[in-house]
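Input: a single structure, listed below in structure tokens.
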Amino acid sequence: MRFDRLAALALTTSLAAGQALAAEGYRTPPPELAALVDAPLAPATMLAPGGARLALLDPPPNPPVAELAQTERRLAGLRFNPVRGERTRAAWYLRLRFLDVATGAEKPVTGFPEGGRLTWPLWSPKGDALAVAVSQESGVTLWVADAQTGTARQVSPLRLNAIAPSRPYSFRTSGAGFLLRTIPERRGAEPVAPSEPEGPVVQESGGGKKAPARTYQDLLKSAFDETLFEYHLTAQLVTVMADGIARPIGPAGLVTAASPSPDGAYLLVQTLHRPFSYLVPLNRFPSRTEVLSLPEGRSVAVVADLPLAEDVPSDFDAERRGRRQVGWRQDAPSMLHVVEAEDDGDPRKPADFRDRVSLLAAPFTGQTTPLIRLAGRFSEIAYGDDGLALVTERWWKTRKTRTWRVAPGRPAEKARLLFDRSSEDRYADPGDPLMERTATGALVLKKSPDGRGIYLLGDGASAEGDRPFLDLLPVDGSKATRLFRSEAPRYEVPVDVLEGGKLLLRRESPTEPPDLYVKDLSGKGLKRLTTTEHPVPALKSVKKELLKYTRKDGVALTATLYTPPGWDTSKGPLPVLMWAYPQEFKSASAAGQVQDSPYRFVRPSVGGPLPFLARGWAVLDDPSFPIVGEGKAEPNDTYVEQLVSSAEAAVEEMVKRGVGDRDRMAIGGHSYGAFTTANALA
């Protein structure tokens, strides 16, 4: 038979088989896998300001097919639903409950529209209500749930524009009223694509400049894409007060972020403007950062106006030129911080200082006041008061990270170095500062009752696995005191410090789902707040083990091994699935550090490897695939060799333990893990 006839026959057979499968409709997996898909997820928890209440939000196990089938626009790096006016694939919740921390009593919230999806939850500054954006087929509107009565009401019928990455609303500083980013009421119907293009798409390069660029998804591709982008991103800022009357603030525009000053006198607004780009996403488009007065919305000052940034180097630590980050000093009435690169944003350019952070006082038209110059790239700032703020810098090439203590009320005061370490060194991580909301809604460092210390929360990485901790760090920079550390045989995570020397924590074990407890830091008591049933009882007896082994070049490796219920080595080796994701390191010692904990709850994720346990497989989750490049060597110089060596070591460990059959080993992974899988198989 001729080849072309064979090909035609194969194609016809394939089409017929496909049509037969399609006629069957959707098929459900075996019962043991369906149980994993439908298993309820643990609720998201949000502690109210003051610590008296918790909001418990129940997520759906998986998005329904109807949601995945909805129309999706992909423009300038955004993916969104053009009908609802919100980003797709964002987290949402089915139900809301309030929990009284003192009594443990729960109050379900009623009054939300049937079928509405709860998104963007935010506690009021007083902790007496939770605001929620509710998504329906007709759009997204703002609702508020009263924590005392457990009833929800709509704040305004205005549709929120929830497409930009930032929150589409905020409480006004006083807590009485809201600031909304809304869809203009008279914007008209969505533009229709022309039947034929008005002309060719022309992209022109000039100036003789080299501009290496990364590859981005979902970019603009035509003039019509630009029109659609403007149509959907255009928003009108509106205030809604207690009387329910909406008052517009300033003109409509491509608003991507808006935040009121802590004293409520001003509004910081970021907008985009043309020319757009077909090479980079919206965070590189021309942007204007402007201060408006409240409540009238009058323009006070343009703090930054950045041009299109298509020529930012592709290196790590590269940044755009100009005032790229502007934000409110959270502990002051109305003062801004401004971040600018001193090396033109180019990490290849020699420079003693890379970034500087400055302060800008109202009316925001004068000179900035220097706060700190950084040898690395600015990462974040956390405010406490005039004498205390923490500034963190990082530098990818050396994996260096530093945290400085500065005095924003006394900017001339010399900065003090608090932490200086490798970002790869998890064992030396001092933790992150615990934050709290003020009466105005500002986010500041949480201090100890005597005001002499701040709290640090950390993963507590160690040779025996992660052991989360809570430390008290004196504001004078002296040695921290450990207040709490997770102990075997459970995994306990500090959530927040409550009044009266109590700690809110989340506790779990391999067989116990995460639940919330209140612990007396003096060690005198432990009160359980929530009780969660095991979501997949059939997997309750899964065995979990933290492994340590070594590859042939001496680099220490770790992995988490799961074996199915009832199995032991006397029953013979199993098929094994390795679920991999490599990491790059500049030192072999950091690459060998232990990750994860043997005491965490075994909760299968549909997007991960653990469902294979239900089919009798062993799962080697997150086996170390370190790609090390010490000294002047870069990790990817020997990527394939190290990848293969790590995979070989994992196979040998499974065979040596009698867990795995050498001839029945599989490997998989997501994203960079998928790239790893392809290279390992090749």
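Here's how to read the names in the structure tokens: chain A, B, ... by the order shown, residue numbers from 1 in each chain, ligand numbers from 1 in the order shown.
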Inset, instruction - Could you give me, as an MDAnalysis selection string, each residue of stretch 238-429 of chain A that DSSP assigns to strand (DSSP E or B) when run on this structure's backbone? - result: chainID A and resid 238:240 246:260 266:272 287:293 299:306 323:328 335:341 355:361 369:374 377:385 388:395 400:406 416:422
Legend entry - Contacts of A:Leu78 within 12 Å, only C-alpha atoms, excl. fewer than 2 positions in-chain, as a PyMOL selection string: chain A and resi 72-76+80-82+85-90+162-165+216-220+229+232-233+256+280-283
Inset, instruction - May I ask which of the residues A:Glu32, A:Glu512, A:Thr676, A:Pro598 is the closest one to A:Gly616, counting only C-alpha atoms? - result: A:Glu32
Legend entry - Who sits within 10 Å of A:Asp622, only C-alpha atoms, same chain under 5 positions skipped, as a PyMOL selection string: chain A and resi 558-561+578-582+595-596+609+669+673
Legend entry - atom CA of A:Ile454 to atom CA of A:Arg490, straight-line distance in Å: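 The value is 26.2 Å.
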Inset, instruction - List the neighbours of stretch 195-206 of chain A out to 9 Å using only C-alpha atoms; skip same-chain residues closer than 6 positions along the sequence, and give me the result as a list in words. - result: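 Once the adjacent positions are removed, what remains is Lys221, Ser222, Ala223, Phe224 and Tyr278 of chain A.
Across the structure, atom CA of A:Tyr26 and atom CA of A:Val65 are spaced 10.1 Å apart.
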Legend entry - Two-atom distance - atom CA of A:Gly111, atom CA of A:Ala152 (Å):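 These two atoms are separated by 4.8 Å.
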Inset, instruction - Extract, using only C-alpha atoms, all DNA, RNA and protein residues at most 12 Å from A:Gly327, discarding same-chain residues fewer than 2 positions from it, and format them as a PyMOL selection string. - result: chain A and resi 257-262+267-270+289-291+303-304+323-325+329-332+334-339+357-361+380-383+442
Per-residue nearest contacts of stretch 501-611 of chain A to stretch 629-641 of chain A (10 Å; only C-alpha atoms) as a Markdown table:
```
| residue | atom | partner | partner_atom | distance |
| --- | --- | --- | --- | --- |
| A:Pro582 | CA | A:Tyr639 | CA | 9.8 |
| A:Gln583 | CA | A:Pro635 | CA | 9.3 |
| A:Glu584 | CA | A:Pro635 | CA | 6.1 |
| A:Phe585 | CA | A:Gly629 | CA | 6.3 |
| A:Lys586 | CA | A:Glu630 | CA | 4.8 |
| A:Ser587 | CA | A:Glu630 | CA | 5.4 |
| A:Ala588 | CA | A:Glu630 | CA | 7.5 |
```
How would the residues just chosen look if you wrote them out with all heavy atoms as a compact mmCIF listing (two decimals), in the first residue's frame?
```
# COMPACT_ATOMS: atom_id res chain seq x y z
N PRO A 582 13.61 21.92 39.28
CA PRO A 582 14.99 22.22 39.64
C PRO A 582 15.13 23.61 40.27
O PRO A 582 14.27 24.47 40.11
CB PRO A 582 15.72 22.16 38.29
CG PRO A 582 14.69 22.54 37.30
CD PRO A 582 13.39 22.01 37.83
N GLN A 583 16.21 23.80 41.00
CA GLN A 583 16.55 25.10 41.56
C GLN A 583 18.02 25.41 41.27
O GLN A 583 18.86 24.50 41.26
CB GLN A 583 16.33 25.13 43.07
CG GLN A 583 14.86 25.14 43.49
CD GLN A 583 14.72 25.22 45.00
OE1 GLN A 583 14.75 24.22 45.69
NE2 GLN A 583 14.59 26.43 45.51
N GLU A 584 18.30 26.68 41.04
CA GLU A 584 19.67 27.10 40.79
C GLU A 584 20.32 27.58 42.09
O GLU A 584 19.67 28.24 42.90
CB GLU A 584 19.69 28.23 39.76
CG GLU A 584 19.18 27.80 38.38
CD GLU A 584 19.24 28.95 37.38
OE1 GLU A 584 19.74 30.03 37.74
OE2 GLU A 584 18.78 28.76 36.24
N PHE A 585 21.58 27.25 42.26
CA PHE A 585 22.32 27.63 43.46
C PHE A 585 23.73 28.10 43.08
O PHE A 585 24.29 27.67 42.07
CB PHE A 585 22.45 26.45 44.43
CG PHE A 585 21.15 25.99 45.03
CD1 PHE A 585 20.39 25.00 44.41
CD2 PHE A 585 20.68 26.54 46.21
CE1 PHE A 585 19.19 24.57 44.96
CE2 PHE A 585 19.48 26.12 46.77
CZ PHE A 585 18.74 25.14 46.15
N LYS A 586 24.26 28.98 43.94
CA LYS A 586 25.64 29.40 43.78
C LYS A 586 26.57 28.64 44.72
O LYS A 586 27.79 28.85 44.69
CB LYS A 586 25.77 30.91 44.04
CG LYS A 586 25.16 31.78 42.96
CD LYS A 586 25.80 31.57 41.59
CE LYS A 586 27.23 32.09 41.54
NZ LYS A 586 27.82 31.86 40.20
N SER A 587 26.02 27.79 45.59
CA SER A 587 26.87 27.02 46.48
C SER A 587 26.28 25.64 46.68
O SER A 587 25.06 25.48 46.80
CB SER A 587 27.03 27.71 47.84
OG SER A 587 25.84 27.62 48.59
N ALA A 588 27.14 24.63 46.74
CA ALA A 588 26.70 23.26 46.94
C ALA A 588 26.13 23.07 48.34
O ALA A 588 25.21 22.26 48.55
CB ALA A 588 27.86 22.30 46.71
```
Legend entry - 8 Å contact set for stretch 172-181 of chain A, only C-alpha atoms, chain neighbours under 6 positions out, as a ChimeraX atom specification: /A:124-126,160-162,235-242,255,260-264,439-441
Preceding selection exported with C-alpha atoms as a short mmCIF file (atom, residue, chain, number, x, y, z; two decimals), in the first residue's frame:
```
data_model
loop_
_atom_site.label_atom_id
_atom_site.label_comp_id
_atom_site.auth_asym_id
_atom_site.auth_seq_id
_atom_site.Cartn_x
_atom_site.Cartn_y
_atom_site.Cartn_z
CA SER A 124 -12.50 47.18 57.55
CA PRO A 125 -10.00 49.21 59.63
CA LYS A 126 -12.16 48.69 62.74
CA LEU A 160 -16.02 47.21 39.39
CA ASN A 161 -13.23 47.08 36.83
CA ALA A 162 -11.27 44.13 38.25
CA ALA A 235 -11.81 52.86 34.58
CA GLN A 236 -13.48 55.63 36.55
CA LEU A 237 -12.47 56.17 40.18
CA VAL A 238 -15.49 56.74 42.42
CA THR A 239 -16.07 57.33 46.13
CA VAL A 240 -19.15 55.84 47.74
CA MET A 241 -20.01 57.21 51.19
CA ALA A 242 -22.42 55.93 53.83
CA VAL A 255 -6.10 53.21 35.97
CA PRO A 260 -5.51 56.83 49.62
CA SER A 261 -2.93 58.39 51.92
CA PRO A 262 -3.09 57.28 55.59
CA ASP A 263 -4.72 60.58 56.58
CA GLY A 264 -7.25 60.42 53.73
CA ALA A 439 -7.14 52.47 62.65
CA THR A 440 -6.74 54.15 59.25
CA GLY A 441 -6.15 50.87 57.43
#
```
Inset, instruction - Identify, on the basis of only C-alpha atoms, every residue whose closest approach to A:Phe276 does not exceed 8 Å; exclude the query and any residue fewer than 6 positions from it along the same chain; express the result as an MDAnalysis selection string. - result: chainID A and resid 226 282 285:286 308
Preceding selection exported with N, CA and C atoms as a PDB file, in the first residue's frame:
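Contents of the output file selection-v3.pdb:
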```pdb
ATOM      1  N   GLU A 226      -4.916  47.036  20.540  1.00  0.00           N
ATOM      2  CA  GLU A 226      -4.724  48.254  21.318  1.00  0.00           C
ATOM      3  C   GLU A 226      -6.070  48.887  21.671  1.00  0.00           C
ATOM      4  N   LEU A 282       2.058  45.140  29.928  1.00  0.00           N
ATOM      5  CA  LEU A 282       1.615  46.458  30.377  1.00  0.00           C
ATOM      6  C   LEU A 282       2.484  47.060  31.469  1.00  0.00           C
ATOM      7  N   PHE A 285       4.637  49.541  29.897  1.00  0.00           N
ATOM      8  CA  PHE A 285       4.031  50.620  29.109  1.00  0.00           C
ATOM      9  C   PHE A 285       4.320  51.968  29.774  1.00  0.00           C
ATOM     10  N   PRO A 286       4.202  53.064  29.040  1.00  0.00           N
ATOM     11  CA  PRO A 286       4.328  54.383  29.669  1.00  0.00           C
ATOM     12  C   PRO A 286       3.315  54.517  30.802  1.00  0.00           C
ATOM     13  N   LEU A 308       7.855  54.477  27.632  1.00  0.00           N
ATOM     14  CA  LEU A 308       7.836  53.069  27.262  1.00  0.00           C
ATOM     15  C   LEU A 308       9.207  52.454  27.537  1.00  0.00           C
TER      16      LEU A 308
END
```
Inset, instruction - Could you tell me which of A:Gln136, A:Gln367, A:Ser422, A:Ser448 comes closest to A:Met435 if we count only C-alpha atoms? - result: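 Looking only at the distances to A:Met435, the closest residue turns out to be A:Ser448.
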Which stretch 74-127 of chain A residues have any atom within 12 Å of an atom of stretch 518-529 of chain A, and for each, what is the nearest pair of atoms with distance in Å to one decimal, counting only C-alpha atoms, rows sorted by chain and number, as CSV?
```
residue,atom,partner,partner_atom,distance
A:Phe98,CA,A:Leu529,CA,11.7
A:Leu99,CA,A:Leu529,CA,8.3
A:Asp100,CA,A:Leu529,CA,8.7
A:Val101,CA,A:Leu529,CA,7.2
A:Ala102,CA,A:Leu529,CA,9.0
A:Thr103,CA,A:Leu529,CA,8.2
A:Gly104,CA,A:Leu529,CA,5.1
A:Ala105,CA,A:Leu529,CA,8.3
A:Glu106,CA,A:Leu529,CA,9.4
```
Inset, instruction - May I ask which of the residues A:Ala649, A:Val542, A:Ala415, A:Val536 is the closest one to A:Val391, counting only C-alpha atoms? - result: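 Nearest to A:Val391: A:Ala415.
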